[in-house]
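Some notes on the structure that comes next.
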Amino acid sequence: MTVLVPTAERMRDLAAGLAQACRAGDLIILTGDLGAGKTTFVQGLGRGLGVTEPVTSPTFVIARVHEAAGRIDLVHVDAYRLGSALDLDDLDLDATLADCVTVVEWGEGKVEHLSPDRLDVRIDRSDDADDEMRRVRFTGHGARWTAQALADMESGW
C-alpha cells in the first residue's frame with residue numbers, strides 16, 4: 001500500500017491514524033533517506049498513541065521510551081549509528097517488544113529478527129527539491145500485517 005503525503009502535518013496525521021490500529025508487540029521499521037520524514041512519522045504515531053512529551057530523534061541516545069497516557073508505550077530507536085544487529089542486541093529491545101509499539105528508524109537489515117510480524121514503512125522524497133511530497137509505502141510481514149489488515153488500516157484514515 002502506498003500513500004502520497006504533501007506536508008509534514010499530513011505525515012503526522014497519517015501516522016496518528018496508524019496508531020489507532022497499533023497494539024502492544026508491534027514492530028515498525030522505518031526506512032528513508034536523511035530528511036525523508038521518519039521522525040515526523042514517529043511524532044504522529046506518538047500523538048496517536050497518547051504520548052504527551054515531545055518526540056525527537058534519538059540519534060545520540062539511540063533509544064527512548066515514551067509513555068503513552070492510557071495506551072501503549074512507544075519505544076523509538078534510531079539505528080543509524082549502529083553497525084549491525086549485534087549492536088542492537090545490546091539495547092535489549094526484545095525485553096520491551098511485547099509490551100510496547102517499537103519503531104526503529106534505519107532498522108532495515110538490523111531488527112527483522114525481533115519479530116516475524118512487522119510493518120516496514122518506506123518514506124521517499126520527491127526528486128524535485130521544491131516539492132515536499134513524500135511517498136509512504138507500507139509493507140506488512142507475517143499474520144499481523146496481512147494485506148487485509150493493511151486495507152482495514154487504510155479504511156480508518
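Numbering starts fresh at 1 for the residues of each chain in the C-alpha cells, the chains themselves are lettered A, B, ... in the order given, and ligands are numbered from 1 as they appear.
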
Please return, as a PDB file with N, CA and C atoms, in the first residue's frame, all residues of stretch 13-43 of chain A that DSSP assigns to strand (DSSP E or B) on the basis of the backbone.
ATOM      1  N   LEU A  27       6.055  -4.145  15.764  1.00  0.00           N
ATOM      2  CA  LEU A  27       7.380  -3.690  15.357  1.00  0.00           C
ATOM      3  C   LEU A  27       7.225  -2.984  14.021  1.00  0.00           C
ATOM      4  N   ILE A  28       7.673  -1.728  13.977  1.00  0.00           N
ATOM      5  CA  ILE A  28       7.605  -0.929  12.761  1.00  0.00           C
ATOM      6  C   ILE A  28       9.024  -0.497  12.409  1.00  0.00           C
ATOM      7  N   ILE A  29       9.423  -0.796  11.176  1.00  0.00           N
ATOM      8  CA  ILE A  29      10.758  -0.448  10.703  1.00  0.00           C
ATOM      9  C   ILE A  29      10.620   0.670   9.682  1.00  0.00           C
ATOM     10  N   LEU A  30      11.254   1.808   9.965  1.00  0.00           N
ATOM     11  CA  LEU A  30      11.195   2.972   9.078  1.00  0.00           C
ATOM     12  C   LEU A  30      12.466   3.070   8.247  1.00  0.00           C
ATOM     13  N   THR A  31      12.271   3.273   6.946  1.00  0.00           N
ATOM     14  CA  THR A  31      13.386   3.395   6.022  1.00  0.00           C
ATOM     15  C   THR A  31      13.182   4.646   5.174  1.00  0.00           C
TER      16      THR A  31
END

**Item:** Option closest in space to A:Gly32, from A:His113, A:Arg47, A:Arg118, A:Arg137 [counting only C-alpha atoms]
**Value:**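 Among A:His113, A:Arg47, A:Arg118, A:Arg137, it is A:Arg137 that comes nearest to A:Gly32.
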
Residue with the minimum atom-to-atom distance to A:Val104, picked from A:Ile72, A:Val136, A:Val51, A:Val42 with only C-alpha atoms counted, is A:Val42

Judged by only C-alpha atoms, the minimum distance to A:Gln43 among A:His76, A:Arg125, A:Arg12, A:Lys110 is found for A:Arg12

Students should find that atom CA of A:Thr2 and atom CA of A:Thr40 are spaced 17.4 Å

- prompt: From the set A:Gly70, A:Gly25, A:Pro6, A:Gly107, which residue has the shortest atom-to-atom contact distance to A:Gly37, counting only C-alpha atoms?
  reply: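 Looking at the shortest contact to A:Gly37, the residue is A:Pro6.
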
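Here atom CA of A:Gly142 and atom CA of A:Gln20 stand 19.3 Å from one another.
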
For A:Leu34, work out the shell of residues within 12 Å, counting only C-alpha atoms and skipping chain neighbours fewer than 6 positions away, then give it as a list in words.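 With the cut-off at 12 Å, the set is Thr40, Ser57, Thr59, Asp78, Tyr80, Glu105, Trp106, Ile123, Asp124 and Arg125 of chain A.
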
Could the residues in this selection be saved with N, CA and C atoms as an mmCIF file, in the first residue's frame?
data_model
loop_
_atom_site.group_PDB
_atom_site.id
_atom_site.type_symbol
_atom_site.label_atom_id
_atom_site.label_comp_id
_atom_site.auth_asym_id
_atom_site.auth_seq_id
_atom_site.Cartn_x
_atom_site.Cartn_y
_atom_site.Cartn_z
ATOM 1 N N THR A 40 9.304 12.662 11.821
ATOM 2 C CA THR A 40 7.985 13.299 11.721
ATOM 3 C C THR A 40 6.896 12.237 11.803
ATOM 4 N N SER A 57 14.253 12.973 17.535
ATOM 5 C CA SER A 57 15.117 11.900 17.058
ATOM 6 C C SER A 57 16.038 11.417 18.183
ATOM 7 N N THR A 59 18.850 10.046 17.900
ATOM 8 C CA THR A 59 20.129 9.782 17.240
ATOM 9 C C THR A 59 21.273 9.594 18.222
ATOM 10 N N ASP A 78 16.784 4.810 16.982
ATOM 11 C CA ASP A 78 17.476 5.285 15.791
ATOM 12 C C ASP A 78 18.719 4.416 15.625
ATOM 13 N N TYR A 80 20.754 4.386 13.083
ATOM 14 C CA TYR A 80 21.660 4.945 12.081
ATOM 15 C C TYR A 80 23.127 4.751 12.446
ATOM 16 N N GLU A 105 13.997 3.517 13.372
ATOM 17 C CA GLU A 105 14.473 4.232 12.193
ATOM 18 C C GLU A 105 15.799 3.608 11.777
ATOM 19 N N TRP A 106 16.010 3.483 10.485
ATOM 20 C CA TRP A 106 17.239 2.906 9.945
ATOM 21 C C TRP A 106 17.413 1.453 10.387
ATOM 22 N N ILE A 123 9.761 5.723 3.354
ATOM 23 C CA ILE A 123 9.388 7.095 3.029
ATOM 24 C C ILE A 123 10.385 7.636 2.019
ATOM 25 N N ASP A 124 9.871 8.073 0.876
ATOM 26 C CA ASP A 124 10.722 8.633 -0.178
ATOM 27 C C ASP A 124 10.282 10.050 -0.496
ATOM 28 N N ARG A 125 11.268 10.924 -0.633
ATOM 29 C CA ARG A 125 11.031 12.311 -1.032
ATOM 30 C C ARG A 125 10.905 12.393 -2.541
#

Check your understanding: Hey, what's within 12 Å of A:Arg10 if we count only C-alpha atoms and toss same-chain stuff fewer than 4 positions away? As a count of residues only, please?
Key -> 20

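You can rank A:Ala36, A:Leu114, A:Ala149, A:Met1 by their closest distance to A:Thr102 using only C-alpha atoms, and at the top of that list sits A:Leu114.
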